[in-house]
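To start, the structure under review is shown below, and the notes come after it.
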Amino acid sequence: MNISSLIKNAVCILATTFISAAHAQAVYPIDKAEILTGTNFDIKIEFSQVVNPNEVVIELNGTPANKAILAKSEFIQNENGKGSSVIYRDVQLTKAGKYELVARSPQEKLQVTWDLYASGPRRVKNVILFIGDGMTIANRTAARVLSKGISEGKYQGRLAFDDMPNTAMIGTSGSDSLITDSANSMSAYTTGHKTAVNAMGVYVSRASNNLSHPKVETIAELIKRKTKMSVGIVSDAELQDATPGAMVAHTRRRADKQYIADQLLASKAEVILGGGSAYFYPQSSKGSKRKDENNLVETFKADGYQVALTKQELIVAAENKNTKKLFGVFHPDNMDGSLDRFFLKKNTVPQYPNQPDLTEMTQSAIDVLSRNPNGFFLMVEAALIDKFNHPLDWERAAFDTIMLSNAVQIAKDFAKTHPDTLIIVTPDHTHSGSISGVVNDDKTGPLREKVGTYADAGYPNYPKADVQGYPNQIDVTKRLAFFYGNYPDHYETLHPKLDGTFVPAVKGEGGKYIANPKYVQLQEDAIHVGGNLPSHQESGVHTADDAVLNAIGPGSEKFKGFMDNTEVFKVMVQTLGLGSK
């Protein structure tokens, strides 16, 4: 081996050693974290080696940690065989400014800098945060075409969030990956901190227990601890799903759904509405997914909540002016989308015909929460936009985007008489869909030749929408040509799936996903599309494309240009004055 090769090998070994060491030691919160003054958060320092606690020196802005931090520390001699750790739980820093934490052992030096910011006085009474889960721009465009119509290039109306005066582009990446999931992207909105895929309310450390990672306080917890405001959580997914879960939970794994259900109860949020009843009933109940005999529905009742299990019960409970706390759960799993509930009656609608609409849950939540003279924070998630984008079912996603628009309109109507209300509408992340033209059944030739582009596209011929914004027919002769940019193997039919949500791929030999043969059996000219995702992927995935946020009301002017998703939290807590003394 020549000298050049020896030098090259030595450099590679040094680089590998450096990278390994860098990954083996860490401080949480991470470097450059922005932290609201007065919030609770954990500090964790992970050394890459086992160290003597007497030889560890930790300083905050040059002051020994035991003097600068009121919380007592916990020393772990050898955490999971990876080195020593020091943890401070429920730390509060009340003064704004730059903070530098330095941790030293005889072998290592770890250092991070944080920016603590205050909020100033409260500017709004109420905040309503709408999450169009996974909503991309094409979902909005498709919803506008279907609900408002377009003629000679001009839309005949707008979605409720189209005309909001303030807009920002939101970056959604997490601490560990360019591509986020709903847990860590929503957690950024609710805590102001970055975290990793599948995590919420924690920084992901080397702890083995999902619930032992360093925690950061959520906006719901902060409001409950520091104010007399009410909190509402609404979703048409399971209430234990990532987005509603990130309002209250602290776990490395979003799949800890029984724990999240318990946290929803413990949160004391005044309004909790959605699906996921399977985690609220004891394991001896039919369909329960709990591992114990706790009956959370009965506990909610005992805690003074009005309980609703159907649409009718929800409306009656919300209209009762004595109702101050409301718990409603309407499906054992995710609720059904608007296309199926209103028109097709497919998926699980026949089994659960009395599910409320997102609009009805939104109205009920506002009715109850607005009875608190101290104001409220309400999160409403249109979860099924994402649930339908994943299996490439754009029509169902469009109908639920229309439903989100209708729910936003309810909030805007409330704000007309309550102008001290900030309304925010945003995805937590995006999907890859895009509209490329119009499919025209009258065109001759193979299926793909029926796609018209540019001048050959013309316009679709969906019927005029009803008063709620839904056309009563989607399998028309001229339809939007909506295509996703990432996908598994599947058969493209260029038709809406009238018999239930699209299932693009199924497991084949060796556990790899193959195009679902059902669709070529239903439609002989269906086009086989080779996937551009790994063969273990059964559906479309999230994208790193910026999310489009719209806002109206006091404080909404702060949303502009490009912003990180953690800055959404920052605007909300500053507008609510949650960092002031």
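Quick note on naming: the chains in the structure tokens go A, B, ... in the order shown, residues restart at 1 in each chain, and ligands are numbered from 1 in order of appearance.
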Could you give me, as a PDB file with C-alpha atoms, in the first residue's frame, the residues within 8 Å of segment 69-71 of chain A, counting only C-alpha atoms and dropping anything in the same chain fewer than 4 positions from it?
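Final output, around.pdb:
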```
ATOM      1  CA  ALA A  65     -25.967  24.119  36.984  1.00  0.00           C
ATOM      2  CA  TYR A  88     -33.047  17.714  34.918  1.00  0.00           C
ATOM      3  CA  ARG A  89     -36.847  17.378  34.893  1.00  0.00           C
ATOM      4  CA  ASP A  90     -39.336  20.282  34.639  1.00  0.00           C
ATOM      5  CA  VAL A  91     -36.805  23.060  34.262  1.00  0.00           C
ATOM      6  CA  GLN A  92     -38.070  26.637  33.996  1.00  0.00           C
ATOM      7  CA  LEU A  93     -36.010  29.585  32.787  1.00  0.00           C
TER       8      LEU A  93
END
```
Item to complete: Identify, on the basis of only C-alpha atoms, every residue whose closest approach to Glu221 of chain A does not exceed 12 Å; exclude the query and any residue fewer than 2 positions from it along the same chain; express the result as number ranges by chain.
Response: A: 39-41, 190-191, 201, 215-219, 223-232, 246-250, 263-264, 266-269, 377, 578
Practice prompt. Tell me, as a list in words, which residues lie within 8 Å of Ser119 of chain A, counting only C-alpha atoms; anything in the same chain fewer than 5 positions away does not count.
Written response: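 Neighbouring residues, sequence-local ones excluded: Leu36, Val573, Gln574, Thr575, Leu576, Gly577, Leu578, Gly579 and Ser580 of chain A.
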Fill in: Point-to-point distance from atom CA of Tyr305 of chain A to atom CA of Asn322 of chain A, Å rounded to tenths
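Interatomic distance, atom CA of Tyr305 of chain A to atom CA of Asn322 of chain A: 10.9 Å.
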Worksheet item: Just how far from atom CA of Asn565 of chain A is atom CA of Ile170 of chain A, in Å to one decimal?
Response: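 Computing it gives 5.7 Å between the two atoms.
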Discussion item. Need to verify the contact set: Glu293 of chain A, 7 Å, only C-alpha atoms, exclusion of same-chain residues closer than 6 positions in sequence. Can you return it as a ChimeraX atom specification?
Written reply: /A:282-284
Distance table requested - segment 217-318 of chain A against segment 414-430 of chain A, cut-off 12 Å, only C-alpha atoms: one row per qualifying residue with the closest atom pair and its distance in Å to one decimal, ordered by chain and rising residue number, as CSV.
```
residue,atom,partner,partner_atom,distance
A:Ala242,CA,A:Asp428,CA,10.6
A:Thr243,CA,A:Asp428,CA,8.4
A:Pro244,CA,A:Asp428,CA,11.8
A:Ala246,CA,A:Asp428,CA,11.5
```
Worksheet item: Leaving out segment 329-335 of chain A and any residue of its chain fewer than 6 positions from it, which residues lie within 10 Å of it when counting only C-alpha atoms, given as an MDAnalysis selection string?
Response: chainID A and resid 235:241 272:281 287:289 297 307:311 314 341 347:349 351:358 383:384 387
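Distance annotation: of A:Gly337, A:Gly500, A:Gly149, A:Pro214, the residue with the minimal separation from Thr251 of chain A is A:Pro214; atom set is only C-alpha atoms.
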Practice prompt. Identify all residues of segment 51-146 of chain A in alpha helix (DSSP H) (DSSP on the backbone) and supply them as a PyMOL selection string.
Written response: chain A and resi 65-68+137-146
Discussion item. Applying 9 Å and only C-alpha atoms, which residues near Met403 of chain A remain after dropping the ones on its own chain fewer than 2 positions away? List them as a PyMOL selection string.
Written reply: chain A and resi 338+357-359+382+398-401+405-408+468-470
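Using only C-alpha atoms, the shortest contact distance between Ala138 of chain A and any of A:Val520, A:Gly510, A:Pro463, A:Trp394 is found at A:Trp394.
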Fill in: atom CA of Tyr28 of chain A to atom CA of Asn54 of chain A, straight-line distance in Å
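Here the two named atoms are 21.4 Å from each other.
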Fill in: Distance query Leu265 of chain A at most 9 Å, only C-alpha atoms, self and fewer than 3 positions along chain excluded, as a ChimeraX atom specification
/A:260-262,268-269,296,299-300
Practice prompt. Identify which of the residues A:Met135, A:Val86, A:Ala142, A:Ala318 lies closest to Ser182 of chain A, counting only C-alpha atoms when measuring atom-to-atom distances.
Written response: A:Met135
Practice prompt. May I have all residues of segment 305-433 of chain A that DSSP, computed from the backbone, assigns to strand (DSSP E), given as a PyMOL selection string?
Written response: chain A and resi 306-308+326-329+376-382+421-426
Got time to write the residues from that selection, N, CA and C atoms, as an mmCIF file, in the first residue's frame?
```cif
data_model
loop_
_atom_site.group_PDB
_atom_site.id
_atom_site.type_symbol
_atom_site.label_atom_id
_atom_site.label_comp_id
_atom_site.auth_asym_id
_atom_site.auth_seq_id
_atom_site.Cartn_x
_atom_site.Cartn_y
_atom_site.Cartn_z
ATOM 1 N N GLN A 306 -70.368 16.079 29.796
ATOM 2 C CA GLN A 306 -71.483 15.533 29.033
ATOM 3 C C GLN A 306 -70.884 14.614 27.978
ATOM 4 N N VAL A 307 -71.416 13.415 27.854
ATOM 5 C CA VAL A 307 -70.857 12.423 26.934
ATOM 6 C C VAL A 307 -71.812 12.221 25.763
ATOM 7 N N ALA A 308 -71.277 12.285 24.549
ATOM 8 C CA ALA A 308 -72.061 12.079 23.330
ATOM 9 C C ALA A 308 -71.441 10.959 22.524
ATOM 10 N N LEU A 326 -67.387 18.684 27.481
ATOM 11 C CA LEU A 326 -68.039 17.786 26.520
ATOM 12 C C LEU A 326 -67.037 16.776 25.980
ATOM 13 N N PHE A 327 -67.390 15.507 26.116
ATOM 14 C CA PHE A 327 -66.583 14.424 25.539
ATOM 15 C C PHE A 327 -67.464 13.650 24.567
ATOM 16 N N GLY A 328 -67.010 13.540 23.320
ATOM 17 C CA GLY A 328 -67.766 12.801 22.317
ATOM 18 C C GLY A 328 -66.864 11.882 21.537
ATOM 19 N N VAL A 329 -67.280 10.630 21.401
ATOM 20 C CA VAL A 329 -66.487 9.664 20.625
ATOM 21 C C VAL A 329 -67.471 8.870 19.774
ATOM 22 N N PHE A 376 -60.528 30.666 24.954
ATOM 23 C CA PHE A 376 -60.253 29.256 24.697
ATOM 24 C C PHE A 376 -59.217 29.079 23.606
ATOM 25 N N PHE A 377 -58.630 27.889 23.612
ATOM 26 C CA PHE A 377 -57.764 27.419 22.523
ATOM 27 C C PHE A 377 -58.401 26.158 21.972
ATOM 28 N N LEU A 378 -58.666 26.143 20.682
ATOM 29 C CA LEU A 378 -59.304 24.995 20.036
ATOM 30 C C LEU A 378 -58.456 24.520 18.871
ATOM 31 N N MET A 379 -58.165 23.223 18.846
ATOM 32 C CA MET A 379 -57.512 22.589 17.695
ATOM 33 C C MET A 379 -58.519 21.686 17.002
ATOM 34 N N VAL A 380 -58.690 21.905 15.697
ATOM 35 C CA VAL A 380 -59.590 21.094 14.883
ATOM 36 C C VAL A 380 -58.786 20.466 13.760
ATOM 37 N N GLU A 381 -58.815 19.139 13.670
ATOM 38 C CA GLU A 381 -58.073 18.439 12.626
ATOM 39 C C GLU A 381 -59.013 17.795 11.615
ATOM 40 N N ALA A 382 -58.826 18.153 10.346
ATOM 41 C CA ALA A 382 -59.439 17.410 9.239
ATOM 42 C C ALA A 382 -58.435 16.322 8.863
ATOM 43 N N THR A 421 -60.308 36.945 18.107
ATOM 44 C CA THR A 421 -60.054 35.526 17.827
ATOM 45 C C THR A 421 -59.046 35.395 16.695
ATOM 46 N N LEU A 422 -57.999 34.640 16.922
ATOM 47 C CA LEU A 422 -57.000 34.322 15.891
ATOM 48 C C LEU A 422 -57.347 32.966 15.301
ATOM 49 N N ILE A 423 -57.499 32.905 13.977
ATOM 50 C CA ILE A 423 -57.797 31.657 13.280
ATOM 51 C C ILE A 423 -56.616 31.316 12.369
ATOM 52 N N ILE A 424 -56.116 30.098 12.492
ATOM 53 C CA ILE A 424 -54.988 29.626 11.683
ATOM 54 C C ILE A 424 -55.423 28.350 10.973
ATOM 55 N N VAL A 425 -55.127 28.252 9.687
ATOM 56 C CA VAL A 425 -55.431 27.052 8.909
ATOM 57 C C VAL A 425 -54.137 26.598 8.236
ATOM 58 N N THR A 426 -53.710 25.387 8.516
ATOM 59 C CA THR A 426 -52.440 24.925 7.961
ATOM 60 C C THR A 426 -52.384 23.406 7.890
#
```
Worksheet, complete the sentence: In terms of only C-alpha atoms, the residue from A:Asp181, A:Glu79, A:Asp466, A:Asp115 at minimal distance from Ala544 of chain A is A:Asp181
